[in-house]
Amino acid sequence: MPIIDVACFPLDTMADPITIEDIYDLFRTSQAEADRRAAEADRRAAEADQRLERLERIAANTSREVAGLTTRWGQFVENLVEPAVIRLFQSRGIDVQETSRRMKSKRPGAQMEIDIFAVDGDVAVAIEVKSRLAQRDVDDFLGKLGRFRQAFPHYSDYALYGAVAGIEIDAGVDRYAYQQGLFVIQQTGDTVTIANDEVFRPAAW
């Protein structure tokens with residue numbers, strides 16, 4: 001029951017006796033006001049829920065669109081890099097003849113995907129392709145190379161080299177990858193080139 005505020009009665013009527021009907025009237029008035037406020041609170045809560053649902057739908061749609069855009073952009077970068085791979089590595093004395101994309105392994109403990117894989121005879125190059133290459137991408141790829149023979153045991157006898165490619169490369173990341181023994185492929189005009197100098201000696205995994 002709401003608290004009855006006697007201040008609601010005018011001062012000039014306080015001398016008159018308060019009847020039970022007066023108390024009921026005050027209670028009904030207070031209860032009606034409480035009900036009105038509760039209904040208003042429920043209405044605002046319902047509107048807030050509807051706005052939240054709309055925001056969640058917008059966020060979900062945006063996430064799907066961004067994911068789709070990221071996938072298409074990644075495919076564009078791979079399409080730019082793959083046609084040049086054989087030429088680039090043959091010019092560095094690595095005589096690969098074939099390329100494949102999205103080579104996957106589901107072997108326990110060594111699940112991975114290699115964006116571009118170039119191979120011939122007993123030599124192969126695994127290439128990680130990013131639209132923007134960051135140091136964490138290089139570190140993740142080095143981890144992949146360390147597990148590569150477990151993931152793809154049929155290449156165990158191959159000399160395996162690694163390369164990272166990026167349209168944008170964060171500051172210092174090209175040098176970091178170089179120091180890890182990786183080839184660095186970058187965009188130059190309408191094509192791509194290997195950024196490593198001629199004295200570079202790649203690591204073999």
# chains A, B, ... in the order shown; residues from 1 in each chain; ligands from 1
>>> select_by_dssp(residues="chain A", states="alpha helix (DSSP H)", output="compact mmCIF listing (two decimals) with C-alpha atoms, in the first residue's frame")
# COMPACT_ATOMS: atom_id res chain seq x y z
CA ILE A 20 -12.63 6.58 5.82
CA GLU A 21 -13.91 7.67 2.43
CA ASP A 22 -11.22 10.38 2.29
CA ILE A 23 -8.58 7.75 2.96
CA TYR A 24 -10.01 5.46 0.26
CA ASP A 25 -10.04 8.34 -2.23
CA LEU A 26 -6.43 9.16 -1.45
CA PHE A 27 -5.47 5.49 -1.74
CA ARG A 28 -7.25 5.14 -5.09
CA THR A 29 -5.55 8.30 -6.39
CA SER A 30 -2.13 7.11 -5.23
CA GLN A 31 -2.70 3.63 -6.64
CA ALA A 32 -3.79 5.06 -10.01
CA GLU A 33 -0.66 7.18 -10.15
CA ALA A 34 1.49 4.17 -9.24
CA ASP A 35 -0.21 2.09 -11.96
CA ARG A 36 0.31 4.88 -14.50
CA ARG A 37 4.00 5.10 -13.67
CA ALA A 38 4.39 1.31 -13.82
CA ALA A 39 2.68 1.22 -17.20
CA GLU A 40 4.95 4.01 -18.46
CA ALA A 41 8.01 2.13 -17.21
CA ASP A 42 6.82 -1.04 -18.96
CA ARG A 43 6.25 0.91 -22.18
CA ARG A 44 9.76 2.41 -22.08
CA ALA A 45 11.29 -0.98 -21.29
CA ALA A 46 9.48 -2.51 -24.27
CA GLU A 47 10.73 0.29 -26.53
CA ALA A 48 14.27 -0.23 -25.22
CA ASP A 49 14.01 -3.96 -25.96
CA GLN A 50 12.84 -3.22 -29.49
CA ARG A 51 15.74 -0.79 -30.05
CA LEU A 52 18.19 -3.37 -28.71
CA GLU A 53 16.78 -6.02 -31.05
CA ARG A 54 17.16 -3.65 -34.01
CA LEU A 55 20.75 -2.86 -33.02
CA GLU A 56 21.53 -6.56 -32.68
CA ARG A 57 20.11 -7.22 -36.16
CA ILE A 58 22.12 -4.34 -37.60
CA ALA A 59 25.29 -5.58 -35.87
CA ALA A 60 24.74 -9.13 -37.15
CA ASN A 61 24.16 -7.90 -40.71
CA THR A 62 27.22 -5.65 -40.51
CA SER A 63 29.37 -8.53 -39.25
CA ARG A 64 28.25 -10.72 -42.15
CA GLU A 65 28.93 -7.94 -44.65
CA VAL A 66 32.39 -7.25 -43.19
CA ALA A 67 33.20 -10.97 -43.19
CA GLY A 68 32.12 -11.22 -46.82
CA LEU A 69 34.16 -8.17 -47.75
CA THR A 70 37.22 -9.53 -45.92
CA THR A 71 36.89 -12.84 -47.75
CA ARG A 72 36.57 -11.15 -51.14
CA TRP A 73 39.53 -8.87 -50.41
CA GLY A 74 41.63 -11.86 -49.34
CA GLN A 75 40.73 -13.65 -52.56
CA PHE A 76 41.71 -10.56 -54.54
CA VAL A 77 45.16 -10.50 -52.89
CA GLU A 78 45.64 -14.22 -53.55
CA ASN A 79 44.66 -13.67 -57.18
CA LEU A 80 47.32 -10.98 -57.38
CA VAL A 81 50.07 -13.07 -55.78
CA GLU A 82 49.55 -16.58 -57.19
CA PRO A 83 50.21 -15.86 -60.90
CA ALA A 84 53.61 -14.38 -60.01
CA VAL A 85 54.77 -17.08 -57.59
CA ILE A 86 56.50 -19.44 -60.02
CA ARG A 87 58.34 -16.59 -61.77
CA LEU A 88 59.37 -14.95 -58.50
CA PHE A 89 60.84 -18.05 -56.90
CA GLN A 90 62.47 -19.38 -60.03
CA GLN A 135 53.85 -9.18 -36.82
CA ARG A 136 51.30 -11.51 -35.23
CA ASP A 137 50.57 -12.87 -38.73
CA VAL A 138 54.27 -13.65 -39.17
CA ASP A 139 54.43 -15.34 -35.76
CA ASP A 140 51.31 -17.41 -36.49
CA PHE A 141 52.76 -18.48 -39.83
CA LEU A 142 56.07 -19.49 -38.24
CA GLY A 143 54.02 -21.73 -35.95
CA LYS A 144 52.35 -23.28 -39.00
CA LEU A 145 55.71 -23.96 -40.62
CA GLY A 146 56.88 -25.68 -37.45
CA ARG A 147 53.91 -28.06 -37.64
CA PHE A 148 53.87 -28.39 -41.43
CA ARG A 149 55.42 -31.87 -41.65
CA GLN A 150 52.97 -33.16 -39.08
CA ALA A 151 50.07 -31.64 -41.03
CA VAL A 173 57.27 -6.27 -40.14
CA ASP A 174 59.06 -6.84 -43.46
CA ARG A 175 62.41 -6.66 -41.65
CA TYR A 176 61.12 -8.93 -38.89
CA ALA A 177 59.99 -11.56 -41.41
CA TYR A 178 63.33 -11.25 -43.22
CA GLN A 179 65.18 -11.96 -39.96
>>> atom_distance(atom1="atom CA of A:His154", atom2="atom CA of A:Glu128")
20.2 Å
>>> residues_around(residues="A:Ile94", least_positions_apart="2", cutoff="12 Å", atoms="only C-alpha atoms", output="MDAnalysis selection string")
chainID A and resid 85:92 96:98 118:125 159:162 183 201:202 204
>>> write_last_selection(atoms="C-alpha atoms", output="compact mmCIF listing (two decimals), in the first residue's frame")
# COMPACT_ATOMS: atom_id res chain seq x y z
CA VAL A 85 54.77 -17.08 -57.59
CA ILE A 86 56.50 -19.44 -60.02
CA ARG A 87 58.34 -16.59 -61.77
CA LEU A 88 59.37 -14.95 -58.50
CA PHE A 89 60.84 -18.05 -56.90
CA GLN A 90 62.47 -19.38 -60.03
CA SER A 91 64.31 -16.05 -60.21
CA ARG A 92 65.65 -16.82 -56.74
CA VAL A 96 58.90 -24.59 -58.32
CA GLN A 97 56.58 -25.54 -61.19
CA GLU A 98 53.11 -25.93 -59.67
CA ALA A 118 54.26 -23.91 -54.72
CA VAL A 119 56.07 -27.19 -55.32
CA ASP A 120 58.24 -29.28 -57.62
CA GLY A 121 60.54 -32.27 -57.15
CA ASP A 122 61.79 -32.06 -53.57
CA VAL A 123 61.31 -28.36 -52.92
CA ALA A 124 58.25 -26.39 -51.83
CA VAL A 125 57.26 -22.89 -50.73
CA ALA A 159 62.98 -28.69 -48.52
CA LEU A 160 60.31 -26.25 -47.32
CA TYR A 161 60.65 -22.48 -47.53
CA GLY A 162 58.24 -19.88 -46.25
CA PHE A 183 60.61 -14.29 -48.14
CA ARG A 201 69.40 -16.75 -47.38
CA PRO A 202 66.00 -18.33 -46.61
CA ALA A 204 64.35 -24.20 -44.53
>>> closest_residue(among="A:Gly166, A:Gly181, A:Gly172, A:Gly93", to="A:Arg132", atoms="only C-alpha atoms")
A:Gly166
>>> atom_distance(atom1="atom CA of A:Glu113", atom2="atom CA of A:Leu182")
17.6 Å
